[in-house]
>>> print(open('protein-v6.pdb').read())   # PDB, C-alpha atoms and all ligand atoms
ATOM      1  CA  MET A   1      -4.878  -3.713  34.504
ATOM      2  CA  THR A   2      -7.421  -3.879  37.231
ATOM      3  CA  SER A   3      -9.966  -1.822  35.341
ATOM      4  CA  LYS A   4     -10.719  -4.291  32.533
ATOM      5  CA  ASN A   5     -14.339  -5.398  32.462
ATOM      6  CA  ASN A   6     -15.362  -2.443  34.602
ATOM      7  CA  LYS A   7     -19.138  -2.130  34.188
ATOM      8  CA  ASN A   8     -18.965   1.593  34.879
ATOM      9  CA  SER A   9     -16.268   2.191  32.287
ATOM     10  CA  PRO A  10     -15.953   5.806  31.156
ATOM     11  CA  VAL A  11     -15.482   4.388  27.662
ATOM     12  CA  SER A  12     -19.240   3.980  27.514
ATOM     13  CA  LYS A  13     -19.656   7.698  28.141
ATOM     14  CA  VAL A  14     -18.050   8.397  24.795
ATOM     15  CA  ALA A  15     -21.148   7.028  23.106
ATOM     16  CA  GLU A  16     -23.349   9.537  24.880
ATOM     17  CA  SER A  17     -21.414  12.721  24.325
ATOM     18  CA  SER A  18     -22.009  15.350  21.695
ATOM     19  CA  ILE A  19     -18.445  15.940  20.558
ATOM     20  CA  ALA A  20     -18.383  12.659  18.645
ATOM     21  CA  ASP A  21     -21.444  13.783  16.718
ATOM     22  CA  LYS A  22     -19.592  16.979  15.876
ATOM     23  CA  TYR A  23     -16.717  14.872  14.589
ATOM     24  CA  PHE A  24     -19.052  12.926  12.312
ATOM     25  CA  SER A  25     -20.660  16.172  11.204
ATOM     26  CA  PHE A  26     -17.249  17.613  10.340
ATOM     27  CA  LEU A  27     -16.353  14.510   8.313
ATOM     28  CA  GLY A  28     -19.471  15.064   6.221
ATOM     29  CA  THR A  29     -18.952  18.761   5.497
ATOM     30  CA  THR A  30     -16.498  20.536   3.233
ATOM     31  CA  TYR A  31     -13.556  22.779   4.011
ATOM     32  CA  VAL A  32     -10.915  24.598   1.973
ATOM     33  CA  THR A  33      -7.754  22.621   1.186
ATOM     34  CA  LEU A  34      -4.181  23.740   0.638
ATOM     35  CA  GLU A  35      -4.910  23.742  -3.078
ATOM     36  CA  GLY A  36      -7.720  26.237  -2.559
ATOM     37  CA  THR A  37     -10.440  23.775  -3.443
ATOM     38  CA  THR A  38     -13.129  22.452  -1.126
ATOM     39  CA  ARG A  39     -13.432  18.855  -0.108
ATOM     40  CA  GLN A  40     -15.191  16.549   2.312
ATOM     41  CA  PRO A  41     -12.719  14.833   4.650
ATOM     42  CA  ALA A  42     -14.215  11.363   4.554
ATOM     43  CA  ALA A  43     -16.434   9.228   2.345
ATOM     44  CA  THR A  44     -19.978   8.635   3.575
ATOM     45  CA  LYS A  45     -19.456   4.862   3.733
ATOM     46  CA  PHE A  46     -16.484   5.401   6.047
ATOM     47  CA  ILE A  47     -18.464   7.773   8.263
ATOM     48  CA  ASN A  48     -21.219   5.166   8.535
ATOM     49  CA  VAL A  49     -18.713   2.565   9.733
ATOM     50  CA  LEU A  50     -17.408   5.023  12.328
ATOM     51  CA  LYS A  51     -20.933   5.719  13.552
ATOM     52  CA  LYS A  52     -21.529   2.004  13.953
ATOM     53  CA  VAL A  53     -18.284   1.547  15.885
ATOM     54  CA  HIS A  54     -19.318   4.482  18.034
ATOM     55  CA  ALA A  55     -22.843   3.199  18.628
ATOM     56  CA  ASP A  56     -21.458  -0.188  19.631
ATOM     57  CA  GLY A  57     -19.230   1.583  22.132
ATOM     58  CA  GLN A  58     -16.370  -0.534  20.896
ATOM     59  CA  SER A  59     -15.887  -3.468  18.599
ATOM     60  CA  GLY A  60     -14.040  -5.618  21.108
ATOM     61  CA  SER A  61     -15.532  -7.645  23.906
ATOM     62  CA  GLN A  62     -13.799  -6.007  26.835
ATOM     63  CA  ARG A  63     -14.567  -2.799  28.643
ATOM     64  CA  PHE A  64     -11.604  -0.791  29.763
ATOM     65  CA  ASP A  65     -11.392   2.236  31.971
ATOM     66  CA  VAL A  66      -9.193   4.309  29.684
ATOM     67  CA  SER A  67     -10.406   7.718  30.760
ATOM     68  CA  ALA A  68      -9.971   6.957  34.435
ATOM     69  CA  CYS A  69      -6.401   5.850  33.803
ATOM     70  CA  LEU A  70      -5.651   8.924  31.762
ATOM     71  CA  ALA A  71      -7.275  11.263  34.225
ATOM     72  CA  GLY A  72      -4.707  10.295  36.784
ATOM     73  CA  LYS A  73      -7.319   8.555  38.938
ATOM     74  CA  ASP A  74      -5.030   5.578  38.743
ATOM     75  CA  PRO A  75      -1.537   7.081  39.229
ATOM     76  CA  ALA A  76       0.047   3.841  38.122
ATOM     77  CA  PHE A  77      -0.882   4.723  34.554
ATOM     78  CA  LYS A  78       0.547   8.247  34.488
ATOM     79  CA  GLY A  79       3.183   8.337  31.765
ATOM     80  CA  ARG A  80       2.234   4.826  30.709
ATOM     81  CA  VAL A  81      -0.164   5.745  27.929
ATOM     82  CA  TRP A  82       1.413   6.011  24.495
ATOM     83  CA  PHE A  83       0.247   7.357  21.167
ATOM     84  CA  TRP A  84       1.237   7.125  17.535
ATOM     85  CA  SER A  85      -0.610   7.220  14.266
ATOM     86  CA  ASP A  86      -0.527   6.353  10.581
ATOM     87  CA  LEU A  87       2.113   3.664  10.685
ATOM     88  CA  HIS A  88       1.099   2.458   7.205
ATOM     89  CA  LEU A  89       2.800  -0.911   7.725
ATOM     90  CA  PHE A  90       3.551  -2.779   4.472
ATOM     91  CA  HIS A  91       2.774   0.366   2.422
ATOM     92  CA  THR A  92       5.765   0.641   0.121
ATOM     93  CA  ASN A  93       4.716   3.927  -1.451
ATOM     94  CA  ILE A  94       4.600   5.664   1.932
ATOM     95  CA  LEU A  95       8.414   5.689   1.882
ATOM     96  CA  THR A  96       8.222   8.048  -1.091
ATOM     97  CA  TYR A  97       5.036   9.903  -0.221
ATOM     98  CA  CYS A  98       6.278  10.933   3.210
ATOM     99  CA  GLN A  99      10.056  10.813   2.737
ATOM    100  CA  ARG A 100      10.535   8.035   5.272
ATOM    101  CA  ALA A 101      14.224   7.215   5.418
ATOM    102  CA  PHE A 102      14.100   3.419   5.421
ATOM    103  CA  ASP A 103      15.865   1.072   2.995
ATOM    104  CA  SER A 104      12.748  -0.984   2.443
ATOM    105  CA  ILE A 105       9.232  -1.423   3.741
ATOM    106  CA  GLY A 106      10.388  -4.516   5.644
ATOM    107  CA  ASN A 107      13.038  -2.438   7.363
ATOM    108  CA  MET A 108      10.393   0.183   8.246
ATOM    109  CA  ASN A 109       8.051  -2.450   9.729
ATOM    110  CA  GLU A 110      10.873  -3.949  11.791
ATOM    111  CA  THR A 111      12.095  -0.564  13.019
ATOM    112  CA  LEU A 112       8.611   0.525  14.082
ATOM    113  CA  LEU A 113       8.180  -2.720  16.016
ATOM    114  CA  ALA A 114      11.604  -2.483  17.630
ATOM    115  CA  ASN A 115      10.964   1.140  18.644
ATOM    116  CA  CYS A 116       7.614   0.170  20.105
ATOM    117  CA  LEU A 117       8.993  -2.788  22.071
ATOM    118  CA  ALA A 118      11.721  -0.557  23.452
ATOM    119  CA  THR A 119       9.060   1.889  24.671
ATOM    120  CA  VAL A 120       5.948   0.097  25.890
ATOM    121  CA  THR A 121       5.475  -2.776  28.332
ATOM    122  CA  LYS A 122       2.628  -5.199  28.944
ATOM    123  CA  ASP A 123       1.298  -2.876  31.640
ATOM    124  CA  ASP A 124       1.021   0.117  29.300
ATOM    125  CA  ILE A 125      -1.758   1.363  27.039
ATOM    126  CA  LEU A 126      -0.861   1.938  23.394
ATOM    127  CA  ILE A 127      -3.247   4.032  21.325
ATOM    128  CA  PHE A 128      -3.040   3.996  17.528
ATOM    129  CA  GLY A 129      -4.524   6.965  15.672
ATOM    130  CA  GLY A 130      -5.599   4.830  12.713
ATOM    131  CA  ASP A 131      -4.190   3.718   9.354
ATOM    132  CA  ILE A 132      -2.205   0.918  10.921
ATOM    133  CA  SER A 133      -1.450  -1.166   7.856
ATOM    134  CA  PHE A 134      -1.800  -1.731   4.137
ATOM    135  CA  GLY A 135      -0.705  -5.363   4.447
ATOM    136  CA  ASN A 136      -2.851  -8.471   4.603
ATOM    137  CA  LEU A 137      -4.605  -9.117   7.886
ATOM    138  CA  THR A 138      -2.524 -12.161   8.844
ATOM    139  CA  ALA A 139       0.808 -10.375   8.515
ATOM    140  CA  THR A 140      -0.570  -7.216  10.124
ATOM    141  CA  ASN A 141      -2.001  -9.055  13.105
ATOM    142  CA  GLU A 142       1.203 -11.016  13.572
ATOM    143  CA  TRP A 143       2.997  -7.666  13.820
ATOM    144  CA  LEU A 144       0.402  -6.324  16.284
ATOM    145  CA  ARG A 145       0.449  -9.426  18.501
ATOM    146  CA  ALA A 146       4.172  -8.984  19.078
ATOM    147  CA  ILE A 147       3.320  -5.882  21.150
ATOM    148  CA  PRO A 148       2.390  -6.810  24.715
ATOM    149  CA  ALA A 149       0.566  -3.557  25.657
ATOM    150  CA  TYR A 150      -3.197  -3.049  25.800
ATOM    151  CA  LYS A 151      -3.930  -1.727  22.300
ATOM    152  CA  ILE A 152      -6.653   0.657  21.154
ATOM    153  CA  ASN A 153      -7.121   1.790  17.562
ATOM    154  CA  VAL A 154      -8.913   5.050  16.778
ATOM    155  CA  VAL A 155     -10.192   4.056  13.370
ATOM    156  CA  GLY A 156      -8.621   5.611  10.272
ATOM    157  CA  ASN A 157      -9.836   5.555   6.693
ATOM    158  CA  HIS A 158      -7.455   2.744   5.776
ATOM    159  CA  ASP A 159      -8.685   0.561   8.646
ATOM    160  CA  VAL A 160     -11.947   0.156   6.779
ATOM    161  CA  ASN A 161     -12.245  -1.943   3.648
ATOM    162  CA  ARG A 162     -15.265  -0.698   1.739
ATOM    163  CA  LYS A 163     -17.935  -0.793   4.455
ATOM    164  CA  VAL A 164     -16.216  -3.248   6.788
ATOM    165  CA  LEU A 165     -14.027  -2.491   9.778
ATOM    166  CA  LEU A 166     -10.842  -4.554   9.554
ATOM    167  CA  ASN A 167     -10.529  -7.212  12.222
ATOM    168  CA  LEU A 168      -7.262  -5.927  13.598
ATOM    169  CA  ALA A 169      -5.556  -7.655  16.531
ATOM    170  CA  VAL A 170      -6.140  -4.812  18.973
ATOM    171  CA  ASP A 171      -8.102  -4.883  22.219
ATOM    172  CA  GLU A 172     -10.508  -2.133  21.185
ATOM    173  CA  GLN A 173     -11.387  -0.017  18.188
ATOM    174  CA  ALA A 174     -13.063   3.346  18.658
ATOM    175  CA  ALA A 175     -14.412   6.045  16.352
ATOM    176  CA  CYS A 176     -12.834   8.652  18.619
ATOM    177  CA  LEU A 177     -11.728   8.979  22.210
ATOM    178  CA  GLU A 178     -12.468  11.754  24.630
ATOM    179  CA  LEU A 179      -9.921  11.970  27.396
ATOM    180  CA  ASP A 180      -9.601  14.046  30.502
ATOM    181  CA  TYR A 181      -5.929  13.976  31.347
ATOM    182  CA  CYS A 182      -5.257  15.696  34.640
ATOM    183  CA  GLY A 183      -7.767  18.382  33.665
ATOM    184  CA  GLN A 184      -6.762  18.726  30.003
ATOM    185  CA  LYS A 185      -9.550  17.675  27.669
ATOM    186  CA  VAL A 186      -8.283  15.756  24.637
ATOM    187  CA  LEU A 187     -10.248  14.610  21.611
ATOM    188  CA  VAL A 188      -8.416  11.792  19.815
ATOM    189  CA  THR A 189      -9.419  11.317  16.186
ATOM    190  CA  HIS A 190      -7.852  10.067  12.976
ATOM    191  CA  TYR A 191      -8.782  13.111  10.910
ATOM    192  CA  PRO A 192      -7.885  16.509  12.361
ATOM    193  CA  VAL A 193     -11.170  18.236  13.186
ATOM    194  CA  LYS A 194     -12.088  21.766  12.254
ATOM    195  CA  GLU A 195     -11.075  24.101  15.064
ATOM    196  CA  ASP A 196     -14.638  25.460  15.211
ATOM    197  CA  PHE A 197     -15.851  22.006  16.219
ATOM    198  CA  LEU A 198     -13.563  21.819  19.238
ATOM    199  CA  GLU A 199     -15.171  22.834  22.481
ATOM    200  CA  THR A 200     -13.442  25.388  24.672
ATOM    201  CA  ASP A 201     -10.266  24.112  26.319
ATOM    202  CA  TRP A 202     -10.118  20.998  24.176
ATOM    203  CA  VAL A 203      -7.156  19.984  22.045
ATOM    204  CA  ASN A 204      -7.332  17.564  19.139
ATOM    205  CA  LEU A 205      -4.806  14.759  18.969
ATOM    206  CA  HIS A 206      -4.950  13.494  15.401
ATOM    207  CA  GLY A 207      -3.163  11.742  12.562
ATOM    208  CA  HIS A 208      -3.972  11.457   8.852
ATOM    209  CA  ILE A 209      -1.987  14.421   7.519
ATOM    210  CA  HIS A 210       1.393  12.762   8.087
ATOM    211  CA  ASN A 211       4.123  15.362   7.441
ATOM    212  CA  THR A 212       2.061  17.651   5.255
ATOM    213  CA  PRO A 213       1.295  21.164   6.498
ATOM    214  CA  PHE A 214      -1.793  21.692   8.622
ATOM    215  CA  PRO A 215      -4.697  22.419   6.251
ATOM    216  CA  PRO A 216      -5.535  26.126   6.567
ATOM    217  CA  GLY A 217      -9.238  25.430   6.101
ATOM    218  CA  LEU A 218      -9.329  23.687   9.473
ATOM    219  CA  GLY A 219      -8.139  26.653  11.516
ATOM    220  CA  SER A 220      -4.883  27.848  13.006
ATOM    221  CA  GLY A 221      -3.671  24.452  14.159
ATOM    222  CA  GLN A 222      -2.807  25.897  17.561
ATOM    223  CA  ARG A 223      -5.140  23.447  19.279
ATOM    224  CA  HIS A 224      -4.106  20.460  17.206
ATOM    225  CA  ILE A 225      -1.351  17.954  17.895
ATOM    226  CA  ASN A 226      -0.254  15.767  15.009
ATOM    227  CA  MET A 227       0.749  12.296  16.197
ATOM    228  CA  SER A 228       1.642  10.859  12.773
ATOM    229  CA  VAL A 229       4.793   8.769  13.160
ATOM    230  CA  GLU A 230       6.784  11.100  10.891
ATOM    231  CA  HIS A 231       6.572  13.606  13.746
ATOM    232  CA  LEU A 232       7.480  11.151  16.488
ATOM    233  CA  ASP A 233      10.746   9.614  15.286
ATOM    234  CA  TYR A 234       8.726   6.489  14.452
ATOM    235  CA  ALA A 235       8.167   5.517  18.090
ATOM    236  CA  PRO A 236       5.177   5.846  20.434
ATOM    237  CA  VAL A 237       5.178   9.038  22.511
ATOM    238  CA  SER A 238       3.567   9.597  25.899
ATOM    239  CA  LEU A 239       0.633  11.929  26.292
ATOM    240  CA  ASP A 240       2.696  14.026  28.696
ATOM    241  CA  THR A 241       5.232  14.650  25.960
ATOM    242  CA  LEU A 242       2.617  15.327  23.304
ATOM    243  CA  LEU A 243       0.774  17.820  25.472
ATOM    244  CA  SER A 244       3.845  19.621  26.730
ATOM    245  CA  LYS A 245       5.697  19.990  23.452
ATOM    246  CA  PRO A 246       3.250  19.982  20.568
ATOM    247  CA  ARG A 247       4.832  22.918  18.774
ATOM    248  CA  GLU A 248       8.348  21.547  19.162
ATOM    249  CA  LEU A 249       7.233  18.183  17.877
ATOM    250  CA  ALA A 250       5.648  19.833  14.908
ATOM    251  CA  LYS A 251       8.942  21.490  14.012
ATOM    252  CA  ARG A 252      11.017  18.334  14.180
ATOM    253  CA  VAL A 253      10.039  17.134  10.743
ATOM    254  CA  PRO A 254       9.965  19.727   7.985
ATOM    255  CA  ALA A 255       6.827  20.056   5.964
ATOM    256  CA  ARG A 256       6.789  18.241   2.680
ATOM    257  CA  PRO A 257       8.827  20.252   0.161
ATOM    258  CA  ALA A 258       7.250  22.076  -2.724
ATOM    259  CA  SER A 259       5.383  19.523  -4.752
ATOM    260  CA  PRO A 260       7.041  18.133  -7.858
ATOM    261  CA  TRP A 261       3.582  17.070  -8.943
ATOM    262  CA  GLN A 262       2.144  18.333 -12.202
ATOM    263  CA  ILE A 263      -1.496  18.733 -13.040
ATOM    264  CA  GLY A 264      -3.004  17.285 -16.180
ATOM    265  CA  ARG A 265      -5.636  15.065 -17.660
ATOM    266  CA  VAL A 266      -5.887  11.471 -18.840
ATOM    267  CA  VAL A 267      -5.857  11.494 -22.633
ATOM    268  CA  ASN A 268      -5.601   7.800 -23.375
ATOM    269  CA  LEU A 269      -6.431   4.789 -21.272
ATOM    270  CA  ASN A 270      -6.130   1.067 -21.896
ATOM    271  CA  LYS A 271      -7.395  -0.582 -18.738
ATOM    272  CA  GLU A 272      -7.032  -4.127 -20.023
ATOM    273  CA  ALA A 273      -3.450  -3.678 -21.132
ATOM    274  CA  GLY A 274      -2.686  -1.698 -17.988
ATOM    275  CA  PHE A 275      -1.338   1.587 -19.232
ATOM    276  CA  GLY A 276      -2.416   5.048 -20.273
ATOM    277  CA  TYR A 277      -1.238   8.562 -21.073
ATOM    278  CA  VAL A 278      -1.585  11.877 -19.320
ATOM    279  CA  GLN A 279      -1.100  15.384 -20.675
ATOM    280  CA  THR A 280      -0.275  18.545 -18.762
ATOM    281  CA  ASP A 281      -2.875  21.275 -18.539
ATOM    282  CA  ALA A 282      -0.648  23.341 -20.823
ATOM    283  CA  GLY A 283      -1.197  20.601 -23.381
ATOM    284  CA  ASP A 284       2.471  20.381 -24.299
ATOM    285  CA  SER A 285       3.587  16.816 -23.694
ATOM    286  CA  GLN A 286       2.069  13.422 -23.094
ATOM    287  CA  TYR A 287       3.518  10.956 -20.618
ATOM    288  CA  ILE A 288       2.899   7.222 -20.295
ATOM    289  CA  PHE A 289       1.910   5.576 -17.031
ATOM    290  CA  VAL A 290       1.803   1.880 -16.152
ATOM    291  CA  VAL A 291      -0.899   0.446 -13.904
ATOM    292  CA  GLY A 292       0.440  -1.131 -10.730
ATOM    293  CA  HIS A 293       3.527   1.030 -10.958
ATOM    294  CA  ALA A 294       2.298   4.608 -11.252
ATOM    295  CA  ILE A 295      -1.220   3.964  -9.961
ATOM    296  CA  ARG A 296      -2.841   1.206  -7.938
ATOM    297  CA  ARG A 297      -4.782  -1.478  -9.792
ATOM    298  CA  SER A 298      -7.816  -0.865  -7.620
ATOM    299  CA  GLU A 299      -7.817   2.804  -8.603
ATOM    300  CA  ILE A 300      -7.530   2.320 -12.359
ATOM    301  CA  LYS A 301     -11.080   0.962 -12.569
ATOM    302  CA  ARG A 302     -12.438   4.358 -11.582
ATOM    303  CA  LEU A 303     -10.126   6.404 -13.791
ATOM    304  CA  THR A 304     -11.633   7.900 -16.944
ATOM    305  CA  VAL A 305     -10.340   9.644 -20.045
ATOM    306  CA  GLY A 306     -10.471  13.401 -19.544
ATOM    307  CA  GLU A 307     -10.182  13.081 -15.755
ATOM    308  CA  LYS A 308      -8.039  15.630 -13.952
ATOM    309  CA  VAL A 309      -4.994  14.051 -12.320
ATOM    310  CA  ALA A 310      -1.798  14.935 -10.484
ATOM    311  CA  PHE A 311       1.327  13.121 -11.603
ATOM    312  CA  GLU A 312       5.040  12.976 -10.948
ATOM    313  CA  LEU A 313       7.543  12.109 -13.671
ATOM    314  CA  LEU A 314      10.160   9.393 -13.335
ATOM    315  CA  ASP A 315      12.225  10.447 -16.335
ATOM    316  CA  HIS A 316      11.607  11.382 -19.926
ATOM    317  CA  GLY A 317       8.121  10.389 -20.760
ATOM    318  CA  HIS A 318       7.369   8.057 -17.839
ATOM    319  CA  VAL A 319       5.054   8.735 -14.911
ATOM    320  CA  ARG A 320       6.313   7.539 -11.537
ATOM    321  CA  GLN A 321       3.210   8.338  -9.495
ATOM    322  CA  LEU A 322      -0.279   9.346 -10.468
ATOM    323  CA  LYS A 323      -3.241  10.395  -8.357
ATOM    324  CA  PRO A 324      -6.775  11.052  -9.563
ATOM    325  CA  TRP A 325      -7.641  14.636  -8.668
ATOM    326  CA  ARG A 326     -10.290  13.424  -6.216
ATOM    327  CA  ASN A 327      -7.460  11.878  -4.170
ATOM    328  CA  VAL A 328      -5.258  14.957  -4.046
ATOM    329  CA  GLY A 329      -5.007  16.587  -0.649
ATOM    330  CA  LEU A 330      -5.748  14.783   2.607
ATOM    331  CA  ASN A 331      -5.475  11.268   1.293
ATOM    332  CA  ALA A 332      -2.108   9.959   2.398
TER     333      ALA A 332
HETATM  334 FE    FE A 401      -2.557   7.772   6.803
END
>>> encode(input="protein-v6.pdb", output="structure tokens", more="lines below")
Ligand SMILES: [Fe+2]
Amino acid sequence: MTSKNNKNSPVSKVAESSIADKYFSFLGTTYVTLEGTTRQPAATKFINVLKKVHADGQSGSQRFDVSACLAGKDPAFKGRVWFWSDLHLFHTNILTYCQRAFDSIGNMNETLLANCLATVTKDDILIFGGDISFGNLTATNEWLRAIPAYKINVVGNHDVNRKVLLNLAVDEQAACLELDYCGQKVLVTHYPVKEDFLETDWVNLHGHIHNTPFPPGLGSGQRHINMSVEHLDYAPVSLDTLLSKPRELAKRVPARPASPWQIGRVVNLNKEAGFGYVQTDAGDSQYIFVVGHAIRRSEIKRLTVGEKVAFELLDHGHVRQLKPWRNVGLNA
């Protein structure tokens, strides 16, 4: 890694370019979702954190000539740059949300690490597309430090706690990366950008949507490559592979099946006792949900009676999962 601490690092150019501003602009505007409603991709407080990361150039202390490596200026790095996104370490519910076939979350964490160690070396560059972990920082960083590669995280919504960027054990964190890889321009972001925002000849390497279909409101998807781990057999993939076979990769994991979710409203809520009831829009039946089981404790504080929700039943009368309507869509 001869290019560390390079004062003329192309990484600094990212802060000067206009495409990042377009990314922030996109995050603050609305688009049509799969459900036919409009939504803004990211919360303003998250966008502000991204802008700060971007203005700083990076959150880490080292400069690194990523673009030069990727552009093939240093042939030693060709094929030695790896990508993956949305690992969601320690996130038990992701096994259900995204049909990940692991026995337990511990097994998933171990498999992801084993796959990574079998792929990357200390001389490689490993780029995360955000949403690394839902676990505590100590356990997460212990997992990250086991990987010897130079690590860069392109910040995802779950890498920010309220208005603070998590202090992850990576070498750099970036709002987005602009890469020139042997002539192919690549914009790396956590959220897929709207096709209109992509400049001519650019492709968008993104995460966030996991194994859900590409949102029609963002364009055709022909210039987007989804690097969520569900599409990559849970192992980092080289940029060569991603660029040469994006459509094939997209087909490897089927889209999430027709949703078993029902739509309804909260009709009774006991926050202190930790339970409530929801009723379908048809108004036929009421179902009980338990806080911490069907819905996260942090989310219950913002839930209100009468609020529109999506929910999935466990069995007669019990709710297995519940999402406030504001979280439905691109919020995995
Ligand atoms: Fe995610």
>>> atom_distance(input="protein-v6.pdb", atom1="atom CA of Val160 of chain A", atom2="atom CA of Phe128 of chain A")
14.5 Å
>>> atom_distance(input="protein-v6.pdb", atom1="atom CA of Met227 of chain A", atom2="atom CA of Gly129 of chain A")
7.5 Å
>>> residues_near_point(input="protein-v6.pdb", point="(-21.6, 7.6, 11.5)", cutoff="10 Å", atoms="all atoms listed in the file", output="ChimeraX atom specification")
/A:20-21,23-25,27-28,44-55,175
>>> resolve_selection(input="protein-v6.pdb", expression="the PyMOL selection byres (((chain A and resi 136) around 12) and not hetatm)", output="PyMOL selection string")
chain A and resi 88-91+132-135+137-143+159+161+166-168
>>> resolve_selection(input="protein-v6.pdb", expression="the PyMOL selection byres (((not hetatm)) within 10 of (chain A and resi 401))", output="ChimeraX atom specification")
/A:85-88,94,129-134,156-159,190-191,207-210,228-229,330-332
>>> resolve_selection(input="protein-v6.pdb", expression="the PyMOL selection byres (((chain A and resi 201) around 10) and not hetatm)", output="PyMOL selection string")
chain A and resi 183-186+198-200+202-203+223
>>> atom_distance(input="protein-v6.pdb", atom1="atom CA of Phe26 of chain A", atom2="atom CA of Ala235 of chain A")
29.2 Å
>>> residues_around(input="protein-v6.pdb", residues="Arg297 of chain A", least_positions_apart="2", cutoff="12 Å", atoms="all atoms listed in the file", output="JSON, numbers by chain")
{"A": [271, 272, 273, 274, 275, 290, 291, 292, 293, 294, 295, 299, 300, 301, 302, 303, 322]}
>>> residues_around(input="protein-v6.pdb", residues="Leu269 of chain A", least_positions_apart="3", cutoff="8 Å", atoms="only C-alpha atoms", output="PyMOL selection string")
chain A and resi 266+275-277+304-305
>>> closest_residue(input="protein-v6.pdb", among="A:Leu205, A:Leu113, A:Leu95, A:Val237", to="Ile125 of chain A", atoms="only C-alpha atoms")
A:Val237
>>> closest_residue(input="protein-v6.pdb", among="A:Tyr234, A:Phe197, A:Phe214, A:Trp325", to="Thr119 of chain A", atoms="all atoms listed in the file")
A:Tyr234
>>> residues_around(input="protein-v6.pdb", residues="Thr33 of chain A", least_positions_apart="4", cutoff="8 Å", atoms="all atoms listed in the file", output="count of residues only")
7
>>> closest_residue(input="protein-v6.pdb", among="A:His318, A:Ala169, A:His206, A:Phe83", to="Thr241 of chain A", atoms="all atoms listed in the file")
A:Phe83
>>> closest_residue(input="protein-v6.pdb", among="A:Val188, A:Ala282, A:Val81, A:Ala43", to="Asp240 of chain A", atoms="all atoms listed in the file")
A:Val81
>>> closest_residue(input="protein-v6.pdb", among="A:Lys151, A:His231, A:Lys308, A:Lys323", to="Gln99 of chain A", atoms="all atoms listed in the file")
A:His231
>>> decode(input="protein-v6.pdb", residues="segment 24-37 of chain A", atoms="N, CA and C atoms", output="CSV table (one decimal), in the first residue's frame")
chain,number,residue,atom,x,y,z
A,24,PHE,N,-26.8,14.0,-2.6
A,24,PHE,CA,-27.5,14.6,-1.5
A,24,PHE,C,-28.8,15.2,-1.9
A,25,SER,N,-28.8,15.8,-3.1
A,25,SER,CA,-30.1,16.4,-3.6
A,25,SER,C,-31.1,15.3,-3.7
A,26,PHE,N,-30.7,14.2,-4.3
A,26,PHE,CA,-31.6,13.1,-4.5
A,26,PHE,C,-32.2,12.6,-3.2
A,27,LEU,N,-31.3,12.5,-2.1
A,27,LEU,CA,-31.7,12.0,-0.8
A,27,LEU,C,-32.8,12.9,-0.2
A,28,GLY,N,-32.8,14.1,-0.6
A,28,GLY,CA,-33.7,15.1,0.0
A,28,GLY,C,-35.0,15.3,-0.8
A,29,THR,N,-35.1,14.6,-2.0
A,29,THR,CA,-36.3,14.7,-2.8
A,29,THR,C,-37.2,13.5,-2.8
A,30,THR,N,-38.3,13.5,-3.3
A,30,THR,CA,-39.2,12.3,-3.2
A,30,THR,C,-39.2,11.6,-4.6
A,31,TYR,N,-39.6,10.3,-4.5
A,31,TYR,CA,-39.8,9.5,-5.7
A,31,TYR,C,-40.9,8.5,-5.4
A,32,VAL,N,-41.4,7.9,-6.4
A,32,VAL,CA,-42.5,7.0,-6.3
A,32,VAL,C,-42.0,5.6,-5.9
A,33,THR,N,-42.6,5.0,-4.9
A,33,THR,CA,-42.2,3.7,-4.4
A,33,THR,C,-43.0,2.6,-5.0
A,34,LEU,N,-42.6,1.3,-4.7
A,34,LEU,CA,-43.3,0.2,-5.2
A,34,LEU,C,-44.8,0.2,-4.8
A,35,GLU,N,-45.0,0.8,-3.7
A,35,GLU,CA,-46.4,0.8,-3.2
A,35,GLU,C,-47.2,1.9,-3.9
A,36,GLY,N,-46.6,2.7,-4.7
A,36,GLY,CA,-47.3,3.8,-5.4
A,36,GLY,C,-47.3,5.1,-4.7
A,37,THR,N,-46.7,5.1,-3.5
A,37,THR,CA,-46.7,6.3,-2.7
A,37,THR,C,-45.4,7.1,-3.0
